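Asker: Contents of entry.txt (compact mmCIF, C-alpha atoms) are below:
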# COMPACT_ATOMS: atom_id res chain seq x y z
CA MET A 1 127.42 93.00 155.40
CA ARG A 2 126.70 90.40 152.76
CA GLY A 3 126.76 87.21 154.80
CA VAL A 4 129.46 84.85 155.94
CA GLY A 5 132.33 82.95 154.43
CA ILE A 6 134.00 79.82 155.76
CA LEU A 7 137.62 79.07 156.61
CA ALA A 8 138.77 75.67 157.81
CA VAL A 9 141.62 75.08 160.22
CA ALA A 10 143.10 71.72 159.34
CA GLY A 11 145.23 69.64 161.68
CA LEU A 12 143.82 70.99 164.96
CA ALA A 13 144.16 67.59 166.56
CA THR A 14 147.89 67.57 165.95
CA GLY A 15 148.87 71.20 166.48
CA PHE A 16 149.60 73.72 163.75
CA GLY A 17 150.41 71.70 160.72
CA PRO A 18 149.02 71.41 158.23
CA VAL A 19 146.83 74.50 158.34
CA VAL A 20 144.98 76.68 155.91
CA PRO A 21 147.53 79.44 155.15
CA GLU A 22 144.93 82.21 155.24
CA LEU A 23 144.29 81.61 158.93
CA LEU A 24 147.73 81.12 160.41
CA ASP A 25 150.22 82.57 157.94
CA ARG A 26 150.89 85.47 160.33
CA GLY A 27 150.27 83.57 163.49
CA PRO A 28 151.70 81.45 166.25
CA SER A 29 155.09 80.48 164.79
CA THR A 30 156.35 84.07 165.06
CA VAL A 31 154.33 85.59 167.84
CA ALA A 32 154.79 88.26 170.42
CA ARG A 33 153.60 86.71 173.65
CA ASP A 34 150.69 88.87 174.69
CA THR A 35 147.98 86.98 176.53
CA ASP A 36 145.59 86.83 179.43
CA ALA A 37 147.20 83.52 180.34
CA PRO A 38 150.59 83.99 182.06
CA SER A 39 152.72 80.87 182.37
CA ALA A 40 153.02 81.54 186.09
CA ALA A 41 150.40 83.40 188.06
CA PRO A 42 151.63 86.67 189.60
CA SER A 43 151.60 86.90 193.37
CA GLY A 44 148.08 87.21 194.68
CA GLU A 45 146.46 85.92 191.49
CA PRO A 46 145.03 82.42 191.01
CA ALA A 47 146.94 79.96 188.88
CA PRO A 48 146.00 80.31 185.21
CA ASP A 49 144.41 76.86 185.15
CA ALA A 50 141.82 77.86 187.74
CA PRO A 51 138.40 78.24 186.09
CA ALA A 52 137.83 81.95 185.59
CA ASP A 53 134.18 81.60 186.51
CA ALA A 54 135.02 79.88 189.79
CA LEU A 55 137.90 81.93 191.12
CA PRO A 56 138.33 82.00 194.90
CA GLY A 57 137.14 85.16 196.56
CA ARG A 58 135.22 86.35 193.49
CA ASP A 59 131.69 85.35 194.46
CA ALA A 60 130.22 88.84 194.36
CA PRO A 61 130.66 91.36 191.55
CA SER A 62 132.55 94.50 192.40
CA PRO A 63 130.49 97.70 192.37
CA SER A 64 131.08 99.85 189.34
CA THR A 65 131.94 103.49 189.71
CA THR A 66 132.78 103.87 186.05
CA PRO A 67 130.88 106.93 184.82
CA ALA A 68 131.12 105.76 181.23
CA GLU A 69 129.51 102.36 181.79
CA GLU A 70 127.83 101.86 178.47
CA PRO A 71 124.06 102.13 178.20
CA GLU A 72 122.20 99.02 177.16
CA ALA A 73 121.40 100.21 173.65
CA GLU A 74 120.53 96.62 172.83
CA PRO A 75 119.17 93.82 175.02
CA ALA A 76 121.74 92.42 177.42
CA PRO A 77 123.18 89.18 175.99
CA ARG A 78 122.06 86.03 177.72
CA PRO A 79 124.60 83.39 178.80
CA ARG A 80 124.77 80.41 176.46
CA ARG A 81 126.24 76.94 176.64
CA VAL A 82 129.48 76.59 174.67
CA PRO A 83 130.90 73.23 173.52
CA ALA A 84 134.36 72.41 174.83
CA THR A 85 135.68 71.51 171.39
CA GLY A 86 134.86 72.52 167.84
CA SER A 87 135.52 71.61 164.24
CA GLY A 88 138.18 74.25 163.63
CA VAL A 89 136.05 75.70 160.83
CA PHE A 90 135.46 79.45 161.15
CA ARG A 91 132.66 81.43 159.55
CA VAL A 92 133.72 84.92 158.50
CA ALA A 93 131.39 87.87 158.80
CA LEU A 94 131.75 89.52 155.41
CA ALA A 95 131.94 93.26 154.93
CA ALA A 96 132.53 95.83 152.25
CA GLU A 97 136.14 96.57 151.44
CA ALA A 98 137.69 98.75 154.15
CA PRO A 99 138.29 102.37 153.11
CA ALA A 100 141.79 103.34 152.05
CA ASP A 101 142.22 105.64 155.05
CA ALA A 102 141.89 102.77 157.55
CA ASP A 103 145.04 102.41 159.64
CA LEU A 104 144.43 98.72 160.39
CA THR A 105 141.88 96.22 159.14
CA TYR A 106 140.42 93.18 160.86
CA THR A 107 138.08 90.29 160.21
CA VAL A 108 135.59 88.78 162.66
CA GLU A 109 135.24 85.01 162.58
CA VAL A 110 133.24 82.54 164.68
CA GLU A 111 133.99 78.84 164.93
CA GLU A 112 131.21 76.55 163.75
CA GLY A 113 129.29 75.04 166.65
CA VAL A 114 129.73 78.14 168.82
CA PRO A 115 126.25 79.56 169.53
CA PHE A 116 126.94 83.07 168.24
CA SER A 117 126.11 84.55 164.87
CA PRO A 118 129.12 85.91 162.95
CA ARG A 119 127.06 88.94 161.95
CA ALA A 120 125.96 89.73 165.51
CA THR A 121 129.48 89.15 166.82
CA ALA A 122 130.87 91.45 164.15
CA ARG A 123 128.39 94.16 165.14
CA THR A 124 129.67 93.94 168.72
CA VAL A 125 133.32 94.13 167.69
CA ASP A 126 132.63 96.99 165.27
CA ARG A 127 130.77 98.91 167.98
CA VAL A 128 133.68 98.52 170.39
CA LEU A 129 136.49 99.34 167.98
CA GLY A 130 134.61 102.29 166.49
CA ASP A 131 133.69 103.89 169.82
CA PRO A 132 135.45 107.19 170.70
CA ARG A 133 136.12 105.80 174.19
CA GLY A 134 138.28 103.11 172.60
CA TRP A 135 141.55 102.73 170.74
CA ARG A 136 140.59 105.09 167.93
CA THR A 137 141.05 107.90 170.49
CA THR A 138 143.74 106.44 172.75
CA ALA A 139 145.93 105.10 169.94
CA GLY A 140 144.73 107.50 167.23
CA LEU A 141 143.93 104.66 164.85
CA GLU A 142 141.02 103.94 162.53
CA LEU A 143 140.26 100.22 162.74
CA ARG A 144 137.94 98.96 160.02
CA ARG A 145 136.52 95.52 159.35
CA THR A 146 136.89 93.70 156.07
CA GLY A 147 135.79 90.29 154.91
CA GLU A 148 139.05 89.28 153.27
CA ALA A 149 142.77 89.79 153.87
CA SER A 150 143.34 91.88 156.97
CA ASP A 151 145.98 93.10 159.39
CA PHE A 152 144.58 90.97 162.20
CA ARG A 153 141.75 88.54 162.83
CA VAL A 154 139.28 88.47 165.70
CA LEU A 155 138.30 84.84 166.30
CA VAL A 156 135.65 83.55 168.71
CA ALA A 157 136.67 79.95 169.33
CA THR A 158 135.80 77.01 171.54
CA PRO A 159 138.08 76.46 174.54
CA ALA A 160 139.99 73.63 172.85
CA THR A 161 140.54 75.57 169.64
CA THR A 162 141.54 78.63 171.67
CA ASP A 163 144.25 76.53 173.35
CA LEU A 164 145.57 75.37 169.97
CA LEU A 165 145.55 78.80 168.35
CA CYS A 166 147.12 80.45 171.41
CA ALA A 167 149.89 77.84 171.87
CA PRO A 168 152.56 78.01 173.16
CA LEU A 169 150.65 80.37 175.47
CA ALA A 170 148.79 78.54 178.24
CA THR A 171 145.11 79.43 178.01
CA ASN A 172 144.03 76.13 179.60
CA GLY A 173 140.57 76.22 178.06
CA GLU A 174 139.64 79.21 180.20
CA VAL A 175 140.98 82.51 178.90
CA SER A 176 141.73 84.41 175.70
CA CYS A 177 144.90 85.61 174.02
CA ARG A 178 146.54 87.62 171.31
CA ASN A 179 148.96 85.48 169.32
CA GLY A 180 150.69 87.29 166.48
CA ASP A 181 147.94 88.64 164.25
CA LEU A 182 145.31 86.41 165.85
CA VAL A 183 143.06 87.92 168.51
CA VAL A 184 141.48 84.78 169.95
CA LEU A 185 138.45 85.28 172.18
CA ASN A 186 137.53 82.20 174.20
CA ALA A 187 133.84 81.51 173.52
CA LYS A 188 133.42 80.32 177.12
CA ARG A 189 134.30 83.78 178.37
CA TRP A 190 132.26 85.43 175.60
CA ALA A 191 129.26 83.38 176.74
CA LEU A 192 129.62 83.54 180.53
CA GLY A 193 131.85 86.49 181.40
CA VAL A 194 133.50 86.36 184.83
CA PRO A 195 132.20 86.88 188.39
CA ASP A 196 133.42 90.48 188.66
CA TYR A 197 131.24 91.33 185.65
CA ARG A 198 128.22 89.29 186.76
CA GLY A 199 125.13 90.98 185.36
CA HIS A 200 127.28 93.02 182.96
CA LEU A 201 128.11 90.54 180.20
CA ARG A 202 127.93 93.15 177.44
CA GLN A 203 130.42 95.31 179.31
CA TYR A 204 132.73 92.32 179.81
CA ARG A 205 132.68 91.58 176.09
CA THR A 206 133.64 95.20 175.46
CA TYR A 207 136.55 94.83 177.88
CA LEU A 208 137.64 91.56 176.27
CA VAL A 209 137.75 93.03 172.77
CA ASN A 210 139.58 96.17 173.91
CA HIS A 211 142.06 94.22 176.02
CA GLU A 212 143.11 91.67 173.41
CA VAL A 213 143.10 94.15 170.53
CA GLY A 214 145.16 96.41 172.80
CA HIS A 215 147.83 93.70 172.80
CA ARG A 216 147.73 93.64 168.99
CA LEU A 217 148.35 97.40 169.05
CA GLY A 218 151.41 96.93 171.24
CA TYR A 219 150.07 97.58 174.75
CA GLY A 220 151.20 95.35 177.63
CA HIS A 221 149.64 94.45 180.94
CA VAL A 222 149.28 96.97 183.75
CA GLU A 223 148.02 96.63 187.31
CA CYS A 224 145.32 98.32 189.35
CA SER A 225 146.70 101.72 190.27
CA ALA A 226 144.66 102.38 193.42
CA PRO A 227 141.75 100.68 195.23
CA GLY A 228 138.42 102.02 194.07
CA SER A 229 139.75 103.43 190.80
CA PRO A 230 138.57 102.14 187.41
CA ALA A 231 140.62 99.15 186.34
CA PRO A 232 142.92 99.88 183.39
CA VAL A 233 141.66 98.10 180.29
CA MET A 234 145.06 96.38 180.01
CA GLN A 235 144.73 94.98 183.52
CA GLN A 236 144.01 91.23 183.52
CA GLN A 237 140.47 91.78 184.71
CA THR A 238 139.44 88.24 183.81
CA TYR A 239 141.51 87.08 186.78
CA GLY A 240 140.13 89.72 189.14
CA LEU A 241 139.95 93.44 189.77
CA ASP A 242 142.41 93.61 192.70
CA GLY A 243 140.50 96.43 194.35
CA CYS A 244 139.71 98.39 191.20
CA THR A 245 136.24 98.66 189.69
CA ARG A 246 135.00 97.37 186.35
CA ASN A 247 136.12 99.30 183.30
CA ALA A 248 135.96 98.31 179.65
CA TRP A 249 137.50 101.36 177.93
CA PRO A 250 141.10 102.52 177.43
CA THR A 251 140.16 106.20 177.69
CA THR A 252 138.96 105.90 181.29
Re-express the file's structure as structure tokens.

Answerer:
Amino acid sequence: MRGVGILAVAGLATGFGPVVPELLDRGPSTVARDTDAPSAAPSGEPAPDAPADALPGRDAPSPSTTPAEEPEAEPAPRPRRVPATGSGVFRVALAAEAPADADLTYTVEVEEGVPFSPRATARTVDRVLGDPRGWRTTAGLELRRTGEASDFRVLVATPATTDLLCAPLATNGEVSCRNGDLVVLNAKRWALGVPDYRGHLRQYRTYLVNHEVGHRLGYGHVECSAPGSPAPVMQQQTYGLDGCTRNAWPTT
């Protein structure tokens, strides 16, 4: 990595125009509607505008029986305060040009004002997408990061910017989405996680990356298959585990 670059998102206060073409030229105007924010909550789930860190009945984390729960190879991240709104300017974690044999390329970008380093965030995303427990095994794809033009973009954004980039999907300042070639990770969730992952923020971030990138790869939502079993990574675990246990990997 050689540092960071900067991309500005113009016109955030008024929607999607005008915008810097590099950010949204593949984005929300022609999107497949994959998201963690359904327009109507399924039966038994809270409404999507309920704060994900204050969901009813989610006061205690579910026990994990996932044998592959990742070891803490680095210190567990500490929760941080995230501003509700941001400038719409994203700092790009730069990288060497992706190798020619990469199946898909991605960038990692963090909105200015969000208390996360683009380089550290990129290391997390790289670790997740390069892990054999992830999509490289399940989907048989090599996903490599680049610092320039890419097949999709992983953005960590303030809640307000997440809402704008995810529109017309209803993220309500609380959850994340995949919108076209934008994988938008709500910085509030990146910072705080959710009650079912309390004490396991690093694992939640792994789930969040795998879930939203899974949408970009064409995977839809699934439900908990049986009480006590590991939750499918494409389950909407941000809203609750519905009897399953925490799981961040698609190979489980």

Asker: Restricting the calculation to only C-alpha atoms, which member of A:Leu208, A:Cys224, A:Leu94, A:Ala122 is positioned closest to Cys244 of chain A?

Answerer: A:Cys224

Asker: Compile the contact shell of Thr161 of chain A as a ChimeraX atom specification: residues with an atom at most 8 Å away, counting all atoms listed in the file, same-chain residues fewer than 3 positions apart removed.

Answerer: /A:12,85-86,88,157-158,164-165

Asker: Output the selection as a JSON list (two decimals), in the frame of the given file - C-alpha atoms for each residue.

Answerer:
[["chain", "number", "residue", "atom", "x", "y", "z"],
["A", 12, "LEU", "CA", 143.82, 70.99, 164.96],
["A", 85, "THR", "CA", 135.68, 71.51, 171.39],
["A", 86, "GLY", "CA", 134.86, 72.52, 167.84],
["A", 88, "GLY", "CA", 138.18, 74.25, 163.63],
["A", 157, "ALA", "CA", 136.67, 79.95, 169.33],
["A", 158, "THR", "CA", 135.80, 77.01, 171.54],
["A", 164, "LEU", "CA", 145.57, 75.37, 169.97],
["A", 165, "LEU", "CA", 145.55, 78.80, 168.35]]

Asker: Which residues are close to Thr124 of chain A, i.e. within 10 Å by only C-alpha atoms, leaving aside same-chain residues fewer than 2 positions away? Reply as a list in words.

Answerer: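 Contacts, with the query itself left out: Val108, Pro118, Arg119, Ala120, Thr121, Ala122, Asp126, Arg127, Val128, Leu129, Gly130, Arg202, Arg205, Thr206 and Val209 of chain A.
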
Asker: Give me, please, the distance in Å between atom CA of Val125 of chain A and atom CA of Asn210 of chain A, quoted to one decimal.

Answerer: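 Atom-to-atom, atom CA of Val125 of chain A and atom CA of Asn210 of chain A are spaced 9.1 Å apart.
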
Asker: What does the distance from atom CA of Arg81 of chain A to atom CA of Val213 of chain A come to in Å, to one decimal?

Answerer: 24.9 Å

Asker: For the contact check between segment 168-234 of chain A and segment 139-149 of chain A, emit one row per residue of segment 168-234 of chain A within 12 Å, containing the shortest atom pair and the distance in Å rounded to one decimal, counting all atoms listed in the file, chain then rising number order, as a Markdown table.

Answerer:
| residue | atom | partner | partner_atom | distance |
| --- | --- | --- | --- | --- |
| A:Asp181 | CA | A:Ala149 | CA | 11.7 |
| A:Asn210 | CA | A:Ala139 | CA | 11.7 |
| A:Val213 | CA | A:Leu143 | CA | 10.3 |
| A:Gly214 | CA | A:Ala139 | CA | 9.2 |
| A:His215 | CA | A:Ala139 | CA | 11.9 |
| A:Arg216 | CA | A:Ala139 | CA | 11.6 |
| A:Leu217 | CA | A:Ala139 | CA | 8.1 |
| A:Gly218 | CA | A:Ala139 | CA | 9.9 |
| A:Tyr219 | CA | A:Ala139 | CA | 9.8 |

Asker: What gap, in Å, lies between atom CA of Ala100 of chain A and atom CA of Glu212 of chain A?

Answerer: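 If I compute the distance from atom CA of Ala100 of chain A to atom CA of Glu212 of chain A, I get 24.4 Å.
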